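One structure below.
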Amino acid sequence: MAAVRDVEIDPDGTFKYILVRLQRSGGGEQRDIVRGTKAAEFHNHIFEKVNPEMEKLGYECKCLGGGKIDHNSKEKKIRVFGLSTGYGKADHSVTVEILKKVYTDYEITWSDDKK
């Protein structure tokens with residue numbers, strides 16, 4: 001699982017994101033990853049890109065929910081909020097903990113606000 005990055009998000013802007021649980025086919029170790037991009041019109045577009053990539057590596061994927069990320073790289077701030085109509089709201093507190101592993105010098109917050 002070390003080959004899979006915890007976080008892949010756009011460097012700036014506000015965009016949709018999903019929280020994905022990876023598990024080795026047939027059970028075993030599992031871990032959660034964050035993926036988000038402005039290129040996705042809907043949350044499922046992100047999952048449709050991630051799922052085949054992870055299957056090639058031997059992982060099963062489950063989307064745990066989604067929301068939005070507001071990423072300001074100049075101010076080193078990330079805000080996690082909102083929800084996915086299709087997947088429901090991700091546990092933003094889990095997302096923030098994953099983001100903190102990568103963006104160690106950032107101020108990262110979350111809320112249940114829609115905007």
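Here, A, B, ... name the chains of the structure tokens in the order displayed, residue numbers run from 1 inside each chain, and ligands are numbered from 1 in the same displayed order.
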
| Hey, what's within 12 Å of Ala2 (chain A) if we count only C-alpha atoms and toss same-chain stuff fewer than 3 positions away? As a PyMOL selection string, please? | chain A and resi 5-6+22+29-31+33+57

Put those residues in a file: N, CA and C atoms, as a PDB file, in the first residue's frame.
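Heads up, here's the output in part-v3.pdb:
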ATOM      1  N   ARG A   5      -0.368   7.024  -2.857  1.00  0.00           N
ATOM      2  CA  ARG A   5      -0.283   8.250  -2.068  1.00  0.00           C
ATOM      3  C   ARG A   5      -1.560   8.471  -1.270  1.00  0.00           C
ATOM      4  N   ASP A   6      -1.399   8.998  -0.044  1.00  0.00           N
ATOM      5  CA  ASP A   6      -2.551   9.274   0.816  1.00  0.00           C
ATOM      6  C   ASP A   6      -3.473  10.317   0.205  1.00  0.00           C
ATOM      7  N   LEU A  22      -9.359   1.732   0.671  1.00  0.00           N
ATOM      8  CA  LEU A  22      -8.684   0.695  -0.110  1.00  0.00           C
ATOM      9  C   LEU A  22      -8.529  -0.540   0.747  1.00  0.00           C
ATOM     10  N   GLU A  29      -5.144  -5.846   4.931  1.00  0.00           N
ATOM     11  CA  GLU A  29      -4.922  -4.451   5.308  1.00  0.00           C
ATOM     12  C   GLU A  29      -5.826  -3.500   4.525  1.00  0.00           C
ATOM     13  N   GLN A  30      -6.179  -2.407   5.184  1.00  0.00           N
ATOM     14  CA  GLN A  30      -6.980  -1.389   4.512  1.00  0.00           C
ATOM     15  C   GLN A  30      -6.516  -0.014   4.955  1.00  0.00           C
ATOM     16  N   ARG A  31      -6.805   0.961   4.113  1.00  0.00           N
ATOM     17  CA  ARG A  31      -6.475   2.343   4.457  1.00  0.00           C
ATOM     18  C   ARG A  31      -7.316   3.290   3.642  1.00  0.00           C
ATOM     19  N   ILE A  33      -7.861   6.956   1.594  1.00  0.00           N
ATOM     20  CA  ILE A  33      -7.142   7.956   0.809  1.00  0.00           C
ATOM     21  C   ILE A  33      -8.108   9.065   0.386  1.00  0.00           C
ATOM     22  N   LEU A  57      -3.602  -2.359  -9.115  1.00  0.00           N
ATOM     23  CA  LEU A  57      -2.623  -2.590  -8.047  1.00  0.00           C
ATOM     24  C   LEU A  57      -3.077  -3.675  -7.069  1.00  0.00           C
TER      25      LEU A  57
END

Selection: 8 Å around region 61-64 of chain A, only C-alpha atoms, excl. self and same-chain fewer than 4 positions, as a PDB file with N, CA, C and O atoms, in the first residue's frame:
ATOM      1  N   ILE A  18     -13.435  12.984  -2.764  1.00  0.00           N
ATOM      2  CA  ILE A  18     -14.010  11.779  -2.162  1.00  0.00           C
ATOM      3  C   ILE A  18     -12.996  11.145  -1.214  1.00  0.00           C
ATOM      4  O   ILE A  18     -11.788  11.294  -1.380  1.00  0.00           O
ATOM      5  N   LEU A  19     -13.542  10.459  -0.219  1.00  0.00           N
ATOM      6  CA  LEU A  19     -12.759   9.670   0.724  1.00  0.00           C
ATOM      7  C   LEU A  19     -12.953   8.215   0.314  1.00  0.00           C
ATOM      8  O   LEU A  19     -14.090   7.740   0.227  1.00  0.00           O
ATOM      9  N   VAL A  20     -11.854   7.533   0.023  1.00  0.00           N
ATOM     10  CA  VAL A  20     -11.928   6.172  -0.522  1.00  0.00           C
ATOM     11  C   VAL A  20     -11.209   5.201   0.412  1.00  0.00           C
ATOM     12  O   VAL A  20     -10.095   5.474   0.856  1.00  0.00           O
ATOM     13  N   ARG A  21     -11.863   4.079   0.696  1.00  0.00           N
ATOM     14  CA  ARG A  21     -11.218   3.019   1.481  1.00  0.00           C
ATOM     15  C   ARG A  21     -10.651   1.984   0.521  1.00  0.00           C
ATOM     16  O   ARG A  21     -11.355   1.442  -0.327  1.00  0.00           O
ATOM     17  N   LEU A  22      -9.359   1.732   0.671  1.00  0.00           N
ATOM     18  CA  LEU A  22      -8.684   0.695  -0.110  1.00  0.00           C
ATOM     19  C   LEU A  22      -8.529  -0.540   0.747  1.00  0.00           C
ATOM     20  O   LEU A  22      -8.229  -0.447   1.933  1.00  0.00           O
ATOM     21  N   GLN A  23      -8.722  -1.695   0.121  1.00  0.00           N
ATOM     22  CA  GLN A  23      -8.497  -2.948   0.828  1.00  0.00           C
ATOM     23  C   GLN A  23      -7.918  -3.943  -0.158  1.00  0.00           C
ATOM     24  O   GLN A  23      -8.306  -3.977  -1.327  1.00  0.00           O
ATOM     25  N   PHE A  47     -14.248   8.862  -8.576  1.00  0.00           N
ATOM     26  CA  PHE A  47     -14.209   7.429  -8.251  1.00  0.00           C
ATOM     27  C   PHE A  47     -13.960   6.596  -9.509  1.00  0.00           C
ATOM     28  O   PHE A  47     -13.189   5.624  -9.478  1.00  0.00           O
ATOM     29  N   ASN A  51     -10.844   4.063  -9.172  1.00  0.00           N
ATOM     30  CA  ASN A  51     -11.145   2.638  -9.025  1.00  0.00           C
ATOM     31  C   ASN A  51     -10.322   1.742  -9.957  1.00  0.00           C
ATOM     32  O   ASN A  51      -9.667   0.810  -9.484  1.00  0.00           O
ATOM     33  N   MET A  54      -6.622   1.600  -8.905  1.00  0.00           N
ATOM     34  CA  MET A  54      -6.388   0.813  -7.692  1.00  0.00           C
ATOM     35  C   MET A  54      -6.592  -0.682  -7.945  1.00  0.00           C
ATOM     36  O   MET A  54      -5.882  -1.516  -7.384  1.00  0.00           O
ATOM     37  N   GLU A  55      -7.549  -1.029  -8.794  1.00  0.00           N
ATOM     38  CA  GLU A  55      -7.786  -2.443  -9.128  1.00  0.00           C
ATOM     39  C   GLU A  55      -6.554  -3.049  -9.787  1.00  0.00           C
ATOM     40  O   GLU A  55      -6.201  -4.190  -9.524  1.00  0.00           O
ATOM     41  N   TYR A  87     -22.819   9.986  -3.003  1.00  0.00           N
ATOM     42  CA  TYR A  87     -22.121   9.147  -2.024  1.00  0.00           C
ATOM     43  C   TYR A  87     -22.412   9.536  -0.574  1.00  0.00           C
ATOM     44  O   TYR A  87     -22.012   8.826   0.337  1.00  0.00           O
ATOM     45  N   GLY A  88     -23.046  10.671  -0.365  1.00  0.00           N
ATOM     46  CA  GLY A  88     -23.272  11.147   0.992  1.00  0.00           C
ATOM     47  C   GLY A  88     -22.055  11.911   1.497  1.00  0.00           C
ATOM     48  O   GLY A  88     -21.058  12.067   0.786  1.00  0.00           O
ATOM     49  N   ALA A  90     -18.720  12.607   3.429  1.00  0.00           N
ATOM     50  CA  ALA A  90     -17.564  11.898   3.992  1.00  0.00           C
ATOM     51  C   ALA A  90     -17.388  12.360   5.431  1.00  0.00           C
ATOM     52  O   ALA A  90     -17.854  13.434   5.815  1.00  0.00           O
ATOM     53  N   ASP A  91     -16.695  11.559   6.229  1.00  0.00           N
ATOM     54  CA  ASP A  91     -16.332  11.991   7.578  1.00  0.00           C
ATOM     55  C   ASP A  91     -15.171  12.973   7.423  1.00  0.00           C
ATOM     56  O   ASP A  91     -14.023  12.578   7.254  1.00  0.00           O
TER      57      ASP A  91
END

| task | Tell me, as a list in words, which residues lie within 10 Å of Gly82 (chain A), counting only C-alpha atoms; anything in the same chain fewer than 3 positions away does not count. | result | Lys16, Tyr17, Gly66, Gly67, Lys68, Ile69, Thr85, Gly88, Lys89, Ala90, His92, Trp110, Ser111, Asp112, Asp113, Lys114 and Lys115 of chain A

| query | Taking the backbone alone, and naming residues the way the document does, which bits of region 9-67 of chain A are strand (DSSP E or B) by DSSP, as a VMD selection string? | reply | chain A and resid 9 13 to 24 30 to 37 59 to 67

Can you write out the residues you just picked, keeping C-alpha atoms, as a PDB file, in the first residue's frame?
ATOM      1  CA  ILE A   9      -5.741  16.947  -4.774  1.00  0.00           C
ATOM      2  CA  GLY A  13      -9.146  26.280  -5.856  1.00  0.00           C
ATOM      3  CA  THR A  14     -12.412  24.796  -4.672  1.00  0.00           C
ATOM      4  CA  PHE A  15     -13.277  21.342  -5.950  1.00  0.00           C
ATOM      5  CA  LYS A  16     -15.074  18.086  -5.225  1.00  0.00           C
ATOM      6  CA  TYR A  17     -13.328  15.341  -3.278  1.00  0.00           C
ATOM      7  CA  ILE A  18     -14.010  11.779  -2.162  1.00  0.00           C
ATOM      8  CA  LEU A  19     -12.759   9.670   0.724  1.00  0.00           C
ATOM      9  CA  VAL A  20     -11.928   6.172  -0.522  1.00  0.00           C
ATOM     10  CA  ARG A  21     -11.218   3.019   1.481  1.00  0.00           C
ATOM     11  CA  LEU A  22      -8.684   0.695  -0.110  1.00  0.00           C
ATOM     12  CA  GLN A  23      -8.497  -2.948   0.828  1.00  0.00           C
ATOM     13  CA  ARG A  24      -6.425  -5.802  -0.525  1.00  0.00           C
ATOM     14  CA  GLN A  30      -6.980  -1.389   4.512  1.00  0.00           C
ATOM     15  CA  ARG A  31      -6.475   2.343   4.457  1.00  0.00           C
ATOM     16  CA  ASP A  32      -8.293   5.511   3.481  1.00  0.00           C
ATOM     17  CA  ILE A  33      -7.142   7.956   0.809  1.00  0.00           C
ATOM     18  CA  VAL A  34      -8.333  11.385  -0.365  1.00  0.00           C
ATOM     19  CA  ARG A  35      -8.791  12.321  -4.025  1.00  0.00           C
ATOM     20  CA  GLY A  36     -10.075  15.620  -5.378  1.00  0.00           C
ATOM     21  CA  THR A  37      -9.974  17.677  -8.565  1.00  0.00           C
ATOM     22  CA  TYR A  59      -7.033  -3.177  -4.278  1.00  0.00           C
ATOM     23  CA  GLU A  60     -10.760  -3.070  -3.869  1.00  0.00           C
ATOM     24  CA  CYS A  61     -12.177   0.458  -3.503  1.00  0.00           C
ATOM     25  CA  LYS A  62     -15.170   1.717  -1.611  1.00  0.00           C
ATOM     26  CA  CYS A  63     -16.212   5.360  -1.627  1.00  0.00           C
ATOM     27  CA  LEU A  64     -16.947   6.406   1.967  1.00  0.00           C
ATOM     28  CA  GLY A  65     -18.465   9.742   0.930  1.00  0.00           C
ATOM     29  CA  GLY A  66     -17.509  13.082  -0.485  1.00  0.00           C
ATOM     30  CA  GLY A  67     -17.580  16.820  -0.130  1.00  0.00           C
TER      31      GLY A  67
END

Fewer than 3 positions away in the same chain doesn't count, so skip those; otherwise give me all residues within 10 Å of Tyr106 (chain A), counting only C-alpha atoms, as a CSV table (one decimal) with N, CA, C and O atoms, in the first residue's frame.
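After the write, around.csv holds the following:
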chain,number,residue,atom,x,y,z
A,72,ASN,N,-6.0,26.7,-0.6
A,72,ASN,CA,-5.3,28.0,-0.9
A,72,ASN,C,-3.8,27.7,-0.5
A,72,ASN,O,-3.4,27.8,0.6
A,73,SER,N,-3.0,27.4,-1.6
A,73,SER,CA,-1.6,27.1,-1.3
A,73,SER,C,-0.8,28.3,-0.9
A,73,SER,O,0.2,28.2,-0.2
A,75,GLU,N,-1.8,30.8,1.1
A,75,GLU,CA,-2.0,31.1,2.5
A,75,GLU,C,-1.8,29.8,3.3
A,75,GLU,O,-1.9,29.8,4.6
A,76,LYS,N,-1.5,28.7,2.6
A,76,LYS,CA,-1.4,27.4,3.3
A,76,LYS,C,-2.6,27.0,4.2
A,76,LYS,O,-2.4,26.7,5.3
A,77,LYS,N,-3.7,27.1,3.5
A,77,LYS,CA,-5.0,26.7,4.2
A,77,LYS,C,-5.8,25.8,3.3
A,77,LYS,O,-5.8,25.9,2.1
A,78,ILE,N,-6.4,24.8,4.0
A,78,ILE,CA,-7.4,23.9,3.4
A,78,ILE,C,-8.6,23.9,4.2
A,78,ILE,O,-8.5,23.7,5.4
A,99,LEU,N,-5.2,14.6,5.3
A,99,LEU,CA,-4.6,15.8,4.7
A,99,LEU,C,-3.4,16.3,5.6
A,99,LEU,O,-2.4,16.7,5.0
A,100,LYS,N,-3.5,16.2,6.9
A,100,LYS,CA,-2.5,16.7,7.8
A,100,LYS,C,-1.2,16.0,7.7
A,100,LYS,O,-0.1,16.5,7.9
A,102,VAL,N,0.1,15.0,4.9
A,102,VAL,CA,0.8,15.5,3.7
A,102,VAL,C,1.1,17.0,3.8
A,102,VAL,O,2.2,17.5,3.4
A,103,TYR,N,0.1,17.7,4.2
A,103,TYR,CA,0.2,19.2,4.3
A,103,TYR,C,0.5,19.6,5.8
A,103,TYR,O,-0.3,20.1,6.5
A,109,THR,N,-9.0,23.0,8.2
A,109,THR,CA,-10.3,23.0,9.0
A,109,THR,C,-11.4,22.3,8.3
A,109,THR,O,-11.3,22.0,7.0

| task | Rounded to one decimal place, report the CA of Val96 (chain A)-CA of Asp70 (chain A) distance in Å. | result |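 About the pair CA of Val96 (chain A) and CA of Asp70 (chain A): they are 12.2 Å apart.
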